[in-house]
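Shown below: my_file11.cif, with mmCIF, C-alpha atoms.
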```cif
data_my_file
loop_
_atom_site.label_atom_id
_atom_site.label_comp_id
_atom_site.auth_asym_id
_atom_site.auth_seq_id
_atom_site.Cartn_x
_atom_site.Cartn_y
_atom_site.Cartn_z
CA GLY X 1 17.53 -9.02 1.40
CA GLU X 2 16.44 -6.09 3.51
CA LEU X 3 17.44 -2.57 2.56
CA THR X 4 16.59 0.61 4.47
CA ILE X 5 17.27 3.83 2.63
CA LYS X 6 16.82 7.29 4.11
CA SER X 7 17.20 10.38 1.97
CA LYS X 8 20.20 12.70 2.40
CA LYS X 9 17.95 14.86 4.55
CA GLY X 10 17.24 11.87 6.81
CA GLU X 11 13.67 11.46 5.53
CA GLU X 12 11.95 8.12 5.94
CA PRO X 13 10.52 6.58 2.74
CA TYR X 14 6.77 6.72 2.08
CA GLY X 15 6.25 4.45 -0.91
CA MET X 16 8.34 2.42 -3.31
CA THR X 17 8.24 0.21 -6.39
CA VAL X 18 10.67 -2.03 -8.25
CA LEU X 19 11.01 -0.80 -11.82
CA ASP X 20 12.03 -3.86 -13.82
CA ASP X 21 13.34 -7.39 -13.53
CA ASP X 22 16.62 -6.72 -15.34
CA ASP X 23 18.37 -4.25 -13.06
CA GLU X 24 15.89 -4.29 -10.13
CA SER X 25 16.25 -0.54 -9.66
CA ILE X 26 13.69 0.95 -7.29
CA LEU X 27 11.86 4.24 -6.93
CA ILE X 28 11.31 5.57 -3.42
CA CYS X 29 9.07 8.48 -2.40
CA TYR X 30 10.28 10.90 0.25
CA GLU X 31 8.71 14.11 1.48
CA SER X 32 11.12 16.05 -0.75
CA GLY X 33 10.71 14.01 -3.95
CA VAL X 34 11.19 10.69 -5.75
CA ALA X 35 14.63 9.05 -5.94
CA ARG X 36 15.86 6.11 -8.03
CA TYR X 37 18.26 3.60 -6.47
CA ASP X 38 19.98 0.45 -7.71
CA LYS X 39 19.37 -2.82 -5.86
CA ALA X 40 22.42 -2.18 -3.65
CA GLY X 41 20.98 1.13 -2.45
CA LEU X 42 23.16 3.50 -4.48
CA LEU X 43 21.40 6.65 -5.63
CA LEU X 44 21.00 6.74 -9.42
CA GLY X 45 19.15 10.07 -9.59
CA HIS X 46 15.93 11.93 -8.89
CA VAL X 47 12.71 11.69 -10.87
CA LYS X 48 11.00 14.97 -11.68
CA LYS X 49 7.73 16.15 -13.17
CA ASP X 50 9.16 18.02 -16.13
CA THR X 51 11.63 20.34 -14.38
CA GLU X 52 9.86 20.38 -11.02
CA GLU X 53 10.14 18.03 -8.05
CA PHE X 54 7.02 16.15 -7.02
CA SER X 55 5.13 17.86 -4.19
CA PHE X 56 5.22 15.60 -1.11
CA PRO X 57 4.84 12.29 -3.02
CA SER X 58 3.12 9.59 -0.99
CA ASP X 59 3.38 6.55 -3.29
CA VAL X 60 4.62 5.25 -6.63
CA CYS X 61 3.46 2.23 -8.66
CA LYS X 62 4.93 0.52 -11.72
CA LEU X 63 2.07 -0.39 -14.03
CA THR X 64 1.77 -3.59 -16.05
CA ASP X 65 2.59 -1.76 -19.29
CA GLY X 66 5.85 -0.47 -17.79
CA LYS X 67 4.65 3.08 -17.20
CA VAL X 68 4.90 4.55 -13.71
CA LEU X 69 2.26 6.36 -11.67
CA VAL X 70 3.33 8.81 -8.94
CA LEU X 71 0.85 10.14 -6.39
CA ASP X 72 1.68 13.42 -4.72
CA ARG X 73 -0.14 16.27 -3.02
CA ASN X 74 -1.12 17.69 -6.42
CA GLY X 75 -2.36 14.57 -8.19
CA PHE X 76 -1.78 11.32 -10.04
CA HIS X 77 1.13 11.76 -12.47
CA LEU X 78 1.85 9.33 -15.31
CA LEU X 79 5.46 8.72 -16.43
CA ASP X 80 6.69 6.68 -19.37
CA LYS X 81 9.04 3.67 -19.10
CA SER X 82 12.07 5.97 -19.12
CA LEU X 83 10.53 8.00 -16.25
CA LEU X 84 9.70 11.05 -18.33
CA PHE X 85 6.54 12.92 -17.31
CA ILE X 86 3.57 12.34 -19.65
CA LYS X 87 0.70 14.08 -17.85
CA THR X 88 -1.32 14.51 -14.67
CA LEU X 89 -4.35 12.20 -14.75
CA LYS X 90 -6.30 13.55 -11.80
CA GLU X 91 -5.85 16.26 -9.20
CA ASN X 92 -5.45 15.32 -5.56
CA ARG X 93 -7.65 17.76 -3.69
CA THR X 94 -6.23 18.34 -0.24
CA THR X 95 -9.13 20.40 1.10
CA ASP X 96 -12.79 20.59 0.20
CA LYS X 97 -15.12 23.61 0.38
CA SER X 98 -15.85 23.07 4.07
CA GLY X 99 -12.12 22.90 4.92
CA SER X 100 -12.05 19.14 5.50
CA THR X 101 -8.92 17.41 4.33
CA ASP X 102 -9.59 15.05 1.44
CA LEU X 103 -6.57 13.04 0.35
CA PHE X 104 -5.53 10.06 -1.77
CA CYS X 105 -2.48 8.51 -0.18
CA SER X 106 -1.43 5.16 -1.69
CA LEU X 107 -1.41 3.30 -5.01
CA ALA X 108 -1.66 -0.24 -6.35
CA GLU X 109 -2.64 -1.89 -9.62
CA ASP X 110 -4.85 -4.96 -9.61
CA GLU X 111 -4.62 -7.92 -11.99
CA ASP X 112 -7.12 -6.26 -14.35
CA GLY X 113 -5.03 -3.09 -14.69
CA LYS X 114 -7.30 -0.98 -12.47
CA ILE X 115 -5.68 1.58 -10.19
CA LEU X 116 -6.56 1.23 -6.51
CA THR X 117 -5.91 4.06 -4.11
CA LEU X 118 -6.64 4.58 -0.46
CA HIS X 119 -8.63 7.73 0.21
CA ASN X 120 -8.83 9.33 3.64
CA ARG X 121 -11.14 12.10 4.72
CA PHE X 122 -9.92 13.60 7.95
CA THR X 123 -12.57 15.26 10.04
CA GLY X 124 -10.29 16.58 12.77
CA GLU X 125 -10.86 13.67 15.14
CA PRO X 126 -9.28 10.23 14.62
CA SER X 127 -12.51 8.49 15.61
CA LEU X 128 -14.34 10.28 12.76
CA THR X 129 -11.79 9.58 10.01
CA ARG X 130 -13.40 8.06 6.94
CA ALA X 131 -11.41 5.78 4.68
CA SER X 132 -12.34 4.24 1.35
CA VAL X 133 -10.68 2.43 -1.51
CA PHE X 134 -11.19 4.18 -4.86
CA ILE X 135 -10.82 2.07 -8.00
CA PHE X 136 -9.99 3.95 -11.21
CA GLU X 137 -10.01 2.35 -14.62
CA MET X 138 -7.42 3.72 -17.01
CA LYS X 139 -7.76 3.65 -20.80
CA ASN X 140 -5.59 5.48 -23.33
CA GLU X 141 -3.62 7.17 -20.54
CA GLU X 142 -6.80 8.63 -18.99
CA PHE X 143 -8.78 7.81 -15.86
CA GLN X 144 -12.34 6.85 -16.77
CA GLU X 145 -15.21 8.71 -15.12
CA ASP X 146 -16.78 5.54 -13.67
CA VAL X 147 -15.07 5.25 -10.28
CA LYS X 148 -15.88 2.46 -7.85
CA VAL X 149 -15.69 3.36 -4.14
CA ILE X 150 -15.45 0.74 -1.38
CA PRO X 151 -16.01 2.25 2.10
CA LEU X 152 -13.71 0.73 4.71
CA GLU X 153 -15.60 1.87 7.81
CA PRO X 154 -17.71 -1.31 8.11
CA LEU X 155 -14.55 -3.44 7.84
CA ILE X 156 -12.79 -1.27 10.40
CA ASP X 157 -15.73 -1.47 12.82
CA GLU X 158 -15.82 -5.27 12.43
CA ALA X 159 -12.06 -5.54 13.03
CA MET X 160 -12.34 -3.31 16.11
CA ALA X 161 -15.06 -5.58 17.48
CA GLN X 162 -13.02 -8.73 16.79
CA LEU X 163 -9.92 -7.19 18.40
CA GLU X 164 -12.09 -5.95 21.29
CA ILE X 165 -10.94 -2.35 20.94
CA SER X 166 -13.46 -0.17 22.72
CA ASP X 167 -11.57 3.14 22.55
CA PRO X 168 -11.59 4.50 18.97
CA ASN X 169 -8.61 6.70 19.86
CA ALA X 170 -6.40 3.80 20.98
CA SER X 171 -3.10 3.71 19.09
CA MET X 172 -3.80 0.23 17.75
CA CYS X 173 -7.10 1.49 16.36
CA GLU X 174 -5.47 4.54 14.75
CA ASN X 175 -3.02 2.25 12.96
CA LEU X 176 -5.87 0.01 11.89
CA ARG X 177 -7.81 2.97 10.51
#
```
Exercise: express the given structure as structure tokens:
Amino acid sequence: GELTIKSKKGEEPYGMTVLDDDDESILICYESGVARYDKAGLLLGHVKKDTEEFSFPSDVCKLTDGKVLVLDRNGFHLLDKSLLFIKTLKENRTTDKSGSTDLFCSLAEDEDGKILTLHNRFTGEPSLTRASVFIFEMKNEEFQEDVKVIPLEPLIDEAMAQLEISDPNASMCENLR
């Protein structure tokens, strides 16, 4: 069925994942942290990075091996099956040297166990936003150095042409980007 859960502060959810097939509990990311709910929507508790809340988490992904990956403003954080923090795998830089915002914002795992994340580089103008998919391979609880990057701009431009969107600042185009 459909279940909409806002946090106690009225925050809309950003990302979510179902933890396991037995109890179907789910993790949901909010601006203020990560909460665990049962399948009926009752709060079971909050997930923390050691003793600290996650910093503006944007997505969470249950991995094939049962571990959990949380993406927040500070990085990619690996948790064990019982949701205890193991380590941060990679930092999430929010600004580069020139002041441009540089941000990973979503997570998925493919059938080969690779971690896919959407990366946005905001240039200040929606028409100049650059988006790419980054593919990280993880071995022994570490991201490998060999990262594959798939630029999305050519796909976006093709979709804009097919949808006949001439204004790059149109709301439909911003959602597409």
For range 130-142 of chain X, find every residue with an atom within 10 Å (counting only C-alpha atoms), except residues of its own chain fewer than 3 positions away, and show them as a PyMOL selection string.
chain X and resi 67+78+86-90+102-104+106-110+112-123+126-127+145-153+156+177
For a quick check of your reading of the model, name the residues lying within 12 Å of the coordinate (14.9, 10.3, 1.3), counting only C-alpha atoms, and write them as a PDB file with C-alpha atoms, in the frame of the given file.
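Output below, filename part.pdb:
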```
ATOM      1  CA  THR X   4      16.590   0.610   4.470  1.00  0.00           C
ATOM      2  CA  ILE X   5      17.270   3.830   2.630  1.00  0.00           C
ATOM      3  CA  LYS X   6      16.820   7.290   4.110  1.00  0.00           C
ATOM      4  CA  SER X   7      17.200  10.380   1.970  1.00  0.00           C
ATOM      5  CA  LYS X   8      20.200  12.700   2.400  1.00  0.00           C
ATOM      6  CA  LYS X   9      17.950  14.860   4.550  1.00  0.00           C
ATOM      7  CA  GLY X  10      17.240  11.870   6.810  1.00  0.00           C
ATOM      8  CA  GLU X  11      13.670  11.460   5.530  1.00  0.00           C
ATOM      9  CA  GLU X  12      11.950   8.120   5.940  1.00  0.00           C
ATOM     10  CA  PRO X  13      10.520   6.580   2.740  1.00  0.00           C
ATOM     11  CA  TYR X  14       6.770   6.720   2.080  1.00  0.00           C
ATOM     12  CA  GLY X  15       6.250   4.450  -0.910  1.00  0.00           C
ATOM     13  CA  MET X  16       8.340   2.420  -3.310  1.00  0.00           C
ATOM     14  CA  LEU X  27      11.860   4.240  -6.930  1.00  0.00           C
ATOM     15  CA  ILE X  28      11.310   5.570  -3.420  1.00  0.00           C
ATOM     16  CA  CYS X  29       9.070   8.480  -2.400  1.00  0.00           C
ATOM     17  CA  TYR X  30      10.280  10.900   0.250  1.00  0.00           C
ATOM     18  CA  GLU X  31       8.710  14.110   1.480  1.00  0.00           C
ATOM     19  CA  SER X  32      11.120  16.050  -0.750  1.00  0.00           C
ATOM     20  CA  GLY X  33      10.710  14.010  -3.950  1.00  0.00           C
ATOM     21  CA  VAL X  34      11.190  10.690  -5.750  1.00  0.00           C
ATOM     22  CA  ALA X  35      14.630   9.050  -5.940  1.00  0.00           C
ATOM     23  CA  ARG X  36      15.860   6.110  -8.030  1.00  0.00           C
ATOM     24  CA  TYR X  37      18.260   3.600  -6.470  1.00  0.00           C
ATOM     25  CA  GLY X  41      20.980   1.130  -2.450  1.00  0.00           C
ATOM     26  CA  LEU X  43      21.400   6.650  -5.630  1.00  0.00           C
ATOM     27  CA  GLY X  45      19.150  10.070  -9.590  1.00  0.00           C
ATOM     28  CA  HIS X  46      15.930  11.930  -8.890  1.00  0.00           C
ATOM     29  CA  PHE X  56       5.220  15.600  -1.110  1.00  0.00           C
ATOM     30  CA  PRO X  57       4.840  12.290  -3.020  1.00  0.00           C
TER      31      PRO X  57
END
```
Practice problem: List, as a PyMOL selection string, every residue that the PyMOL selection byres ((chain X and resi 40) around 10) selects in the file provided. | Solution: chain X and resi 1+3+24-26+37-39+41-43
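Using only C-alpha atoms, the contacts of Gly75 in chain X at a cut-off of 6 Å, with sequence neighbours closer than 3 positions omitted, comprise Leu71, Asp72, Lys90, Glu91 and Asn92 of chain X.
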A straight line from CA of Arg73 in chain X to CA of Phe143 in chain X spans 17.6 Å
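Restricting the calculation to all atoms listed in the file, the smallest distance between Leu83 in chain X and any of X:Leu63, X:Met160, X:Val47, X:Leu155 is found for X:Val47.
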